[in-house]
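Enquirer: One file is attached below, entry.txt, containing compact mmCIF, C-alpha atoms.
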```
# COMPACT_ATOMS: atom_id res chain seq x y z
CA ASP A 1 -2.04 3.06 -1.71
CA ALA A 2 -2.42 3.82 -5.38
CA LYS A 3 -0.71 1.44 -7.79
CA THR A 4 2.30 2.82 -9.63
CA THR A 5 3.88 1.79 -12.92
CA GLN A 6 7.50 2.47 -13.79
CA PRO A 7 9.70 1.31 -16.66
CA PRO A 8 12.04 -1.45 -15.50
CA SER A 9 15.18 0.21 -16.79
CA MET A 10 16.54 3.40 -18.32
CA ASP A 11 19.91 4.66 -19.48
CA CYS A 12 21.27 8.16 -19.32
CA ALA A 13 24.53 9.78 -20.37
CA GLU A 14 26.61 11.37 -17.67
CA GLY A 15 25.96 15.11 -17.44
CA ARG A 16 22.60 14.88 -19.12
CA ALA A 17 19.22 15.12 -17.45
CA ALA A 18 17.63 11.87 -16.35
CA ASN A 19 13.84 11.88 -16.55
CA LEU A 20 12.19 9.00 -14.73
CA PRO A 21 8.46 8.56 -15.31
CA CYS A 22 5.84 7.10 -13.00
CA ASN A 23 2.20 6.44 -13.77
CA HIS A 24 -0.33 6.52 -10.94
CA SER A 25 -3.68 6.87 -12.65
CA THR A 26 -5.72 5.81 -9.59
CA ILE A 27 -4.18 8.37 -7.22
CA SER A 28 -6.57 9.87 -4.69
CA GLY A 29 -6.81 13.52 -3.75
CA ASN A 30 -4.95 13.14 -0.46
CA GLU A 31 -2.18 10.90 -1.77
CA TYR A 32 1.31 12.22 -2.27
CA VAL A 33 3.98 11.02 -4.67
CA TYR A 34 7.25 9.99 -3.00
CA TRP A 35 10.51 9.05 -4.68
CA TYR A 36 13.25 6.96 -3.18
CA ARG A 37 16.36 5.50 -4.69
CA GLN A 38 18.54 2.57 -3.75
CA ILE A 39 22.16 2.44 -4.72
CA HIS A 40 23.61 -1.05 -4.89
CA SER A 41 24.29 -2.56 -1.44
CA GLN A 42 22.76 0.39 0.37
CA GLY A 43 19.37 1.06 1.92
CA PRO A 44 16.78 3.17 0.13
CA GLN A 45 17.26 6.93 0.28
CA TYR A 46 14.42 9.45 0.28
CA ILE A 47 14.68 11.93 -2.58
CA ILE A 48 11.62 14.13 -2.82
CA HIS A 49 7.84 14.15 -2.56
CA GLY A 50 4.91 16.26 -3.71
CA LEU A 51 1.13 16.54 -3.73
CA LYS A 52 0.24 18.53 -6.82
CA ASN A 53 2.74 21.33 -7.24
CA ASN A 54 6.13 20.80 -8.81
CA GLU A 55 8.87 20.44 -6.22
CA THR A 56 12.61 20.95 -6.32
CA ASN A 57 15.35 20.26 -3.81
CA GLU A 58 19.10 19.84 -3.91
CA MET A 59 18.79 16.32 -5.28
CA ALA A 60 16.06 16.46 -7.89
CA SER A 61 12.90 18.00 -9.29
CA LEU A 62 9.47 16.42 -9.27
CA ILE A 63 6.98 17.30 -11.96
CA ILE A 64 3.39 16.18 -11.38
CA THR A 65 0.89 16.46 -14.20
CA GLU A 66 -2.16 18.63 -13.69
CA ASP A 67 -4.47 15.61 -13.50
CA ARG A 68 -1.97 14.00 -11.05
CA LYS A 69 -2.08 10.73 -12.93
CA SER A 70 1.61 10.71 -13.65
CA SER A 71 4.83 12.30 -12.51
CA THR A 72 8.45 12.62 -13.56
CA LEU A 73 11.53 12.69 -11.39
CA ILE A 74 14.26 14.78 -12.96
CA LEU A 75 17.94 14.52 -12.09
CA PRO A 76 19.21 17.62 -13.90
CA HIS A 77 22.84 16.59 -14.38
CA ALA A 78 23.18 12.88 -13.84
CA THR A 79 26.46 11.50 -12.54
CA LEU A 80 27.76 7.95 -12.32
CA ARG A 81 26.82 7.99 -8.63
CA ASP A 82 23.16 8.39 -9.60
CA THR A 83 23.14 4.83 -10.95
CA ALA A 84 20.50 3.19 -8.76
CA VAL A 85 17.01 1.73 -8.60
CA TYR A 86 14.44 4.52 -8.34
CA TYR A 87 11.12 3.84 -6.64
CA CYS A 88 7.94 5.86 -7.01
CA ILE A 89 5.49 5.41 -4.10
CA VAL A 90 2.04 6.92 -3.81
CA ARG A 91 0.24 7.09 -0.49
CA VAL A 92 -1.51 9.36 1.94
CA GLY A 93 1.06 11.74 3.32
CA GLY A 94 1.73 14.87 5.27
CA VAL A 95 2.31 15.49 8.94
CA GLU A 96 -0.90 13.74 9.91
CA THR A 97 0.32 10.36 8.74
CA SER A 98 0.38 7.85 11.54
CA GLY A 99 2.78 5.27 10.24
CA SER A 100 3.85 2.98 8.72
CA ARG A 101 4.56 0.75 5.79
CA LEU A 102 6.00 1.90 2.49
CA THR A 103 5.10 -0.32 -0.44
CA PHE A 104 7.98 -0.52 -2.89
CA GLY A 105 7.43 -1.90 -6.36
CA GLU A 106 10.29 -3.06 -8.54
CA GLY A 107 11.31 0.47 -9.50
CA THR A 108 13.37 1.68 -12.43
CA GLN A 109 17.01 0.72 -12.73
CA LEU A 110 18.73 3.87 -13.93
CA THR A 111 22.17 3.37 -15.39
CA VAL A 112 24.25 6.48 -15.97
CA ASN A 113 26.87 5.86 -18.62
CA PRO A 114 30.16 7.73 -18.96
CA ASP B 1 23.56 12.64 13.16
CA THR B 2 25.17 9.32 12.35
CA GLY B 3 22.23 7.88 10.48
CA VAL B 4 20.56 4.52 11.00
CA SER B 5 23.05 1.88 12.02
CA GLN B 6 22.56 -1.85 11.51
CA ASN B 7 24.68 -4.69 12.81
CA PRO B 8 25.99 -7.01 11.67
CA ARG B 9 26.28 -6.06 8.00
CA HIS B 10 26.51 -9.68 6.97
CA LYS B 11 25.46 -12.87 8.69
CA ILE B 12 25.98 -16.41 7.48
CA THR B 13 24.22 -19.14 9.39
CA LYS B 14 23.20 -22.75 9.03
CA ARG B 15 19.61 -23.78 8.61
CA GLY B 16 17.91 -24.21 11.96
CA GLN B 17 20.05 -21.72 13.85
CA ASN B 18 18.71 -18.58 15.48
CA VAL B 19 19.98 -15.16 14.44
CA THR B 20 19.50 -11.68 15.87
CA PHE B 21 20.02 -8.35 14.15
CA ARG B 22 20.29 -4.95 15.75
CA CYS B 23 19.15 -1.56 14.52
CA ASP B 24 20.07 1.79 16.05
CA PRO B 25 17.80 4.48 14.63
CA ILE B 26 18.57 8.15 14.30
CA SER B 27 18.41 9.61 17.79
CA GLU B 28 15.04 11.17 18.64
CA HIS B 29 13.29 9.19 15.90
CA ASN B 30 10.29 7.63 17.61
CA ARG B 31 9.26 5.45 14.70
CA LEU B 32 11.21 2.39 13.63
CA TYR B 33 10.51 0.01 10.78
CA TRP B 34 11.84 -3.32 9.59
CA TYR B 35 11.75 -4.39 5.95
CA ARG B 36 13.02 -7.42 4.07
CA GLN B 37 14.41 -7.35 0.56
CA THR B 38 15.16 -10.30 -1.70
CA LEU B 39 17.23 -10.11 -4.85
CA GLY B 40 15.64 -8.07 -7.61
CA GLN B 41 12.66 -7.01 -5.52
CA GLY B 42 11.82 -3.86 -3.65
CA PRO B 43 11.83 -3.87 0.16
CA GLU B 44 8.80 -5.46 1.83
CA PHE B 45 7.43 -4.18 5.12
CA LEU B 46 7.74 -6.44 8.16
CA THR B 47 6.88 -4.44 11.24
CA TYR B 48 6.67 -0.98 12.76
CA PHE B 49 7.28 0.49 16.22
CA GLN B 50 6.23 3.78 17.67
CA ASN B 51 8.49 4.24 20.67
CA GLU B 52 8.48 0.81 22.35
CA ALA B 53 5.07 -0.25 21.07
CA GLN B 54 4.88 -2.59 18.11
CA LEU B 55 1.93 -1.15 16.23
CA GLU B 56 1.83 -3.16 13.03
CA LYS B 57 3.08 -6.50 11.79
CA SER B 58 3.01 -7.85 8.27
CA ARG B 59 1.74 -11.32 7.45
CA LEU B 60 5.31 -11.90 6.29
CA LEU B 61 6.36 -11.88 9.94
CA SER B 62 5.84 -15.54 10.77
CA ASP B 63 5.92 -16.99 14.27
CA ARG B 64 9.63 -17.57 13.88
CA PHE B 65 10.23 -13.83 13.67
CA SER B 66 10.14 -11.53 16.65
CA ALA B 67 11.06 -7.89 16.94
CA GLU B 68 11.54 -5.80 20.04
CA ARG B 69 12.29 -2.23 20.92
CA PRO B 70 12.49 -2.42 24.70
CA LYS B 71 13.32 1.16 25.60
CA GLY B 72 12.11 2.91 22.52
CA SER B 73 15.63 3.30 21.22
CA PHE B 74 17.41 0.43 19.46
CA SER B 75 15.53 -2.54 18.07
CA THR B 76 16.33 -6.20 17.54
CA LEU B 77 14.92 -8.63 15.00
CA GLU B 78 15.29 -12.30 15.83
CA ILE B 79 14.68 -15.19 13.48
CA GLN B 80 14.38 -18.58 15.10
CA ARG B 81 15.04 -21.87 13.32
CA THR B 82 16.21 -20.15 10.18
CA GLU B 83 15.24 -21.54 6.79
CA GLN B 84 16.91 -21.03 3.44
CA GLY B 85 13.97 -18.87 2.39
CA ASP B 86 14.93 -16.39 5.08
CA SER B 87 18.01 -15.43 3.10
CA ALA B 88 17.53 -11.75 2.30
CA MET B 89 18.60 -8.24 3.15
CA TYR B 90 16.96 -7.00 6.33
CA LEU B 91 16.56 -3.24 6.38
CA CYS B 92 15.76 -0.95 9.26
CA ALA B 93 14.40 2.56 8.90
CA SER B 94 13.37 5.33 11.26
CA SER B 95 11.31 8.46 11.09
CA LEU B 96 10.25 11.29 13.34
CA MET B 97 6.82 11.60 14.86
CA TYR B 98 4.82 14.69 13.96
CA ARG B 99 6.55 14.68 10.62
CA ASP B 100 5.57 12.90 7.43
CA ALA B 101 5.92 9.22 8.32
CA ASN B 102 6.50 8.37 4.69
CA ILE B 103 9.90 10.04 4.85
CA GLN B 104 11.97 7.25 6.30
CA TYR B 105 15.70 6.99 6.76
CA PHE B 106 17.16 3.60 6.04
CA GLY B 107 20.20 1.81 7.28
CA ALA B 108 22.52 -0.13 5.00
CA GLY B 109 20.91 -3.40 6.01
CA THR B 110 21.98 -6.80 7.29
CA ARG B 111 22.45 -9.42 4.62
CA LEU B 112 21.49 -12.86 5.86
CA SER B 113 22.61 -16.02 4.11
CA VAL B 114 21.17 -19.29 5.37
CA LEU B 115 23.11 -22.34 4.23
```
Translate the structure described by the file into structure tokens.

Expert:
Amino acid sequence: DAKTTQPPSMDCAEGRAANLPCNHSTISGNEYVYWYRQIHSQGPQYIIHGLKNNETNEMASLIITEDRKSSTLILPHATLRDTAVYYCIVRVGGVETSGSRLTFGEGTQLTVNP
Amino acid sequence: DTGVSQNPRHKITKRGQNVTFRCDPISEHNRLYWYRQTLGQGPEFLTYFQNEAQLEKSRLLSDRFSAERPKGSFSTLEIQRTEQGDSAMYLCASSLMYRDANIQYFGAGTRLSVL
């Protein structure tokens, strides 16, 4: 799995967009970028993933740079409930994956302030 | 779909005692994973089942740890002769075969405190 680098913490005002960066300069061609978050006292929650195109779902948008060496998770209108640790994970993905372990780093603690 | 269920939510035990945790995955999810998380760290992989077969174990899973998934449904994680260093959150996750295995659904975890 490619190594990822995330800032340890970020703050965001409620209602504003939260932009969480992730560097993954050693990403390989068949590795996807996955984002999870973990709200205090809960298990991690899958948010979104992508290979090279930008992706959007009901939770967030994922912007991957053209060289794929970095990405940004965007929460368009952050709420207090978005306060959590956000993890960026890079590994081979898709329906052909055969398992198994996710490697979580320390993530970014996002605090949404009122 | 009730999500991944873990019991108990909290467990306090004395050093040297055995403990067992249970995980009920999302129905029809063939893959089941156990992770451990200590304070301030991300979850660390322990082991993985595909149906009832245990396909991968981390070096973190010492001889005192054993996991089972006897009928390919629920799973148990047992820790024998607990040590204070075993204090952590134990997380279970499940995913569906023939889908992206990196999309895993986690339970709320069992928090173990060893006194």

Enquirer: How far is it from atom CA of B:Val19 to atom CA of B:Thr76, in Å with one decimal?

Expert: 10.2 Å

Enquirer: Just the number, please: distance in Å from atom CA of B:Gln80 to atom CA of B:Thr20, one decimal.

Expert: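 Spanning atom CA of B:Gln80 to atom CA of B:Thr20 is a straight-line distance of 8.6 Å.
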
Enquirer: So how far away is atom CA of A:Met59 from atom CA of A:Ala2, in Å?

Expert: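 Distance between the two atoms: 24.6 Å.
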
Enquirer: Compute the chain A side of the contact with chain B at 12 Å, counting only C-alpha atoms, and hand it back as an MDAnalysis selection string.

Expert: chainID A and resid 1 8 31:50 85:109

Enquirer: Produce a file of the selected residues containing C-alpha atoms, as a tab-separated table (two decimals), in the coordinates of the input.

Expert:
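Final output, again.tsv:
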```
chain	number	residue	atom	x	y	z
A	1	ASP	CA	-2.04	3.06	-1.71
A	8	PRO	CA	12.04	-1.45	-15.50
A	31	GLU	CA	-2.18	10.90	-1.77
A	32	TYR	CA	1.31	12.22	-2.27
A	33	VAL	CA	3.98	11.02	-4.67
A	34	TYR	CA	7.25	9.99	-3.00
A	35	TRP	CA	10.51	9.05	-4.68
A	36	TYR	CA	13.25	6.96	-3.18
A	37	ARG	CA	16.36	5.50	-4.69
A	38	GLN	CA	18.54	2.57	-3.75
A	39	ILE	CA	22.16	2.44	-4.72
A	40	HIS	CA	23.61	-1.05	-4.89
A	41	SER	CA	24.29	-2.56	-1.44
A	42	GLN	CA	22.76	0.39	0.37
A	43	GLY	CA	19.37	1.06	1.92
A	44	PRO	CA	16.78	3.17	0.13
A	45	GLN	CA	17.26	6.93	0.28
A	46	TYR	CA	14.42	9.45	0.28
A	47	ILE	CA	14.68	11.93	-2.58
A	48	ILE	CA	11.62	14.13	-2.82
A	49	HIS	CA	7.84	14.15	-2.56
A	50	GLY	CA	4.91	16.26	-3.71
A	85	VAL	CA	17.01	1.73	-8.60
A	86	TYR	CA	14.44	4.52	-8.34
A	87	TYR	CA	11.12	3.84	-6.64
A	88	CYS	CA	7.94	5.86	-7.01
A	89	ILE	CA	5.49	5.41	-4.10
A	90	VAL	CA	2.04	6.92	-3.81
A	91	ARG	CA	0.24	7.09	-0.49
A	92	VAL	CA	-1.51	9.36	1.94
A	93	GLY	CA	1.06	11.74	3.32
A	94	GLY	CA	1.73	14.87	5.27
A	95	VAL	CA	2.31	15.49	8.94
A	96	GLU	CA	-0.90	13.74	9.91
A	97	THR	CA	0.32	10.36	8.74
A	98	SER	CA	0.38	7.85	11.54
A	99	GLY	CA	2.78	5.27	10.24
A	100	SER	CA	3.85	2.98	8.72
A	101	ARG	CA	4.56	0.75	5.79
A	102	LEU	CA	6.00	1.90	2.49
A	103	THR	CA	5.10	-0.32	-0.44
A	104	PHE	CA	7.98	-0.52	-2.89
A	105	GLY	CA	7.43	-1.90	-6.36
A	106	GLU	CA	10.29	-3.06	-8.54
A	107	GLY	CA	11.31	0.47	-9.50
A	108	THR	CA	13.37	1.68	-12.43
A	109	GLN	CA	17.01	0.72	-12.73
```

Enquirer: Determine, counting only C-alpha atoms, which protein, DNA and RNA residues have an atom within 12 Å of an atom of A:Asn113; residues of the same chain fewer than 5 positions away are not included. Present the result as a short mmCIF file (atom, residue, chain, number, x, y, z; two decimals) with C-alpha atoms, keeping the file's coordinate frame.

Expert:
```cif
data_model
loop_
_atom_site.label_atom_id
_atom_site.label_comp_id
_atom_site.auth_asym_id
_atom_site.auth_seq_id
_atom_site.Cartn_x
_atom_site.Cartn_y
_atom_site.Cartn_z
CA MET A 10 16.54 3.40 -18.32
CA ASP A 11 19.91 4.66 -19.48
CA CYS A 12 21.27 8.16 -19.32
CA ALA A 13 24.53 9.78 -20.37
CA GLU A 14 26.61 11.37 -17.67
CA GLY A 15 25.96 15.11 -17.44
CA ARG A 16 22.60 14.88 -19.12
CA ALA A 18 17.63 11.87 -16.35
CA ALA A 78 23.18 12.88 -13.84
CA THR A 79 26.46 11.50 -12.54
CA LEU A 80 27.76 7.95 -12.32
CA ARG A 81 26.82 7.99 -8.63
CA ASP A 82 23.16 8.39 -9.60
CA THR A 83 23.14 4.83 -10.95
#
```

Enquirer: Mind rebuilding stretch 39-57 of chain A with N, CA, C and O atoms and writing that out as a PDB file, keeping the file's coordinate frame?

Expert:
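Output file out_32.pdb is given in full below:
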```pdb
ATOM      1  N   ILE A  39      20.884   2.747  -4.095  1.00  0.00           N
ATOM      2  CA  ILE A  39      22.160   2.440  -4.720  1.00  0.00           C
ATOM      3  C   ILE A  39      22.564   1.047  -4.278  1.00  0.00           C
ATOM      4  O   ILE A  39      22.258   0.623  -3.153  1.00  0.00           O
ATOM      5  N   HIS A  40      23.246   0.337  -5.146  1.00  0.00           N
ATOM      6  CA  HIS A  40      23.610  -1.050  -4.890  1.00  0.00           C
ATOM      7  C   HIS A  40      24.265  -1.221  -3.512  1.00  0.00           C
ATOM      8  O   HIS A  40      25.153  -0.463  -3.145  1.00  0.00           O
ATOM      9  N   SER A  41      23.759  -2.209  -2.766  1.00  0.00           N
ATOM     10  CA  SER A  41      24.290  -2.560  -1.440  1.00  0.00           C
ATOM     11  C   SER A  41      24.045  -1.498  -0.379  1.00  0.00           C
ATOM     12  O   SER A  41      24.698  -1.521   0.661  1.00  0.00           O
ATOM     13  N   GLN A  42      23.144  -0.597  -0.644  1.00  0.00           N
ATOM     14  CA  GLN A  42      22.760   0.390   0.370  1.00  0.00           C
ATOM     15  C   GLN A  42      21.259   0.327   0.611  1.00  0.00           C
ATOM     16  O   GLN A  42      20.523  -0.289  -0.160  1.00  0.00           O
ATOM     17  N   GLY A  43      20.802   0.965   1.681  1.00  0.00           N
ATOM     18  CA  GLY A  43      19.370   1.060   1.920  1.00  0.00           C
ATOM     19  C   GLY A  43      18.762   2.147   1.056  1.00  0.00           C
ATOM     20  O   GLY A  43      19.465   3.005   0.520  1.00  0.00           O
ATOM     21  N   PRO A  44      17.443   2.122   0.898  1.00  0.00           N
ATOM     22  CA  PRO A  44      16.780   3.170   0.130  1.00  0.00           C
ATOM     23  C   PRO A  44      17.028   4.554   0.727  1.00  0.00           C
ATOM     24  O   PRO A  44      17.204   4.686   1.942  1.00  0.00           O
ATOM     25  N   GLN A  45      17.021   5.544  -0.131  1.00  0.00           N
ATOM     26  CA  GLN A  45      17.260   6.930   0.280  1.00  0.00           C
ATOM     27  C   GLN A  45      16.114   7.789  -0.225  1.00  0.00           C
ATOM     28  O   GLN A  45      15.792   7.772  -1.418  1.00  0.00           O
ATOM     29  N   TYR A  46      15.489   8.530   0.675  1.00  0.00           N
ATOM     30  CA  TYR A  46      14.420   9.450   0.280  1.00  0.00           C
ATOM     31  C   TYR A  46      14.993  10.545  -0.623  1.00  0.00           C
ATOM     32  O   TYR A  46      16.089  11.076  -0.367  1.00  0.00           O
ATOM     33  N   ILE A  47      14.233  10.872  -1.682  1.00  0.00           N
ATOM     34  CA  ILE A  47      14.680  11.930  -2.580  1.00  0.00           C
ATOM     35  C   ILE A  47      13.790  13.162  -2.464  1.00  0.00           C
ATOM     36  O   ILE A  47      14.258  14.262  -2.157  1.00  0.00           O
ATOM     37  N   ILE A  48      12.504  12.990  -2.700  1.00  0.00           N
ATOM     38  CA  ILE A  48      11.620  14.130  -2.820  1.00  0.00           C
ATOM     39  C   ILE A  48      10.186  13.650  -2.777  1.00  0.00           C
ATOM     40  O   ILE A  48       9.928  12.453  -3.003  1.00  0.00           O
ATOM     41  N   HIS A  49       9.239  14.521  -2.465  1.00  0.00           N
ATOM     42  CA  HIS A  49       7.840  14.150  -2.560  1.00  0.00           C
ATOM     43  C   HIS A  49       7.011  15.383  -2.897  1.00  0.00           C
ATOM     44  O   HIS A  49       7.486  16.533  -2.752  1.00  0.00           O
ATOM     45  N   GLY A  50       5.782  15.153  -3.362  1.00  0.00           N
ATOM     46  CA  GLY A  50       4.910  16.260  -3.710  1.00  0.00           C
ATOM     47  C   GLY A  50       3.458  15.822  -3.750  1.00  0.00           C
ATOM     48  O   GLY A  50       3.160  14.637  -3.875  1.00  0.00           O
ATOM     49  N   LEU A  51       2.569  16.804  -3.685  1.00  0.00           N
ATOM     50  CA  LEU A  51       1.130  16.540  -3.730  1.00  0.00           C
ATOM     51  C   LEU A  51       0.576  16.906  -5.110  1.00  0.00           C
ATOM     52  O   LEU A  51       0.010  16.061  -5.787  1.00  0.00           O
ATOM     53  N   LYS A  52       0.724  18.146  -5.491  1.00  0.00           N
ATOM     54  CA  LYS A  52       0.240  18.530  -6.820  1.00  0.00           C
ATOM     55  C   LYS A  52       1.115  19.588  -7.478  1.00  0.00           C
ATOM     56  O   LYS A  52       1.132  19.701  -8.692  1.00  0.00           O
ATOM     57  N   ASN A  53       1.851  20.328  -6.664  1.00  0.00           N
ATOM     58  CA  ASN A  53       2.740  21.330  -7.240  1.00  0.00           C
ATOM     59  C   ASN A  53       4.081  20.700  -7.560  1.00  0.00           C
ATOM     60  O   ASN A  53       4.490  19.723  -6.944  1.00  0.00           O
ATOM     61  N   ASN A  54       4.780  21.268  -8.521  1.00  0.00           N
ATOM     62  CA  ASN A  54       6.130  20.800  -8.810  1.00  0.00           C
ATOM     63  C   ASN A  54       7.025  21.143  -7.622  1.00  0.00           C
ATOM     64  O   ASN A  54       6.844  22.158  -6.950  1.00  0.00           O
ATOM     65  N   GLU A  55       7.974  20.269  -7.355  1.00  0.00           N
ATOM     66  CA  GLU A  55       8.870  20.440  -6.220  1.00  0.00           C
ATOM     67  C   GLU A  55      10.303  20.312  -6.687  1.00  0.00           C
ATOM     68  O   GLU A  55      10.597  19.567  -7.632  1.00  0.00           O
ATOM     69  N   THR A  56      11.179  21.027  -6.018  1.00  0.00           N
ATOM     70  CA  THR A  56      12.610  20.950  -6.320  1.00  0.00           C
ATOM     71  C   THR A  56      13.380  20.992  -5.012  1.00  0.00           C
ATOM     72  O   THR A  56      13.038  21.754  -4.107  1.00  0.00           O
ATOM     73  N   ASN A  57      14.402  20.165  -4.916  1.00  0.00           N
ATOM     74  CA  ASN A  57      15.350  20.260  -3.810  1.00  0.00           C
ATOM     75  C   ASN A  57      16.752  20.077  -4.363  1.00  0.00           C
ATOM     76  O   ASN A  57      16.962  20.082  -5.590  1.00  0.00           O
TER      77      ASN A  57
END
```
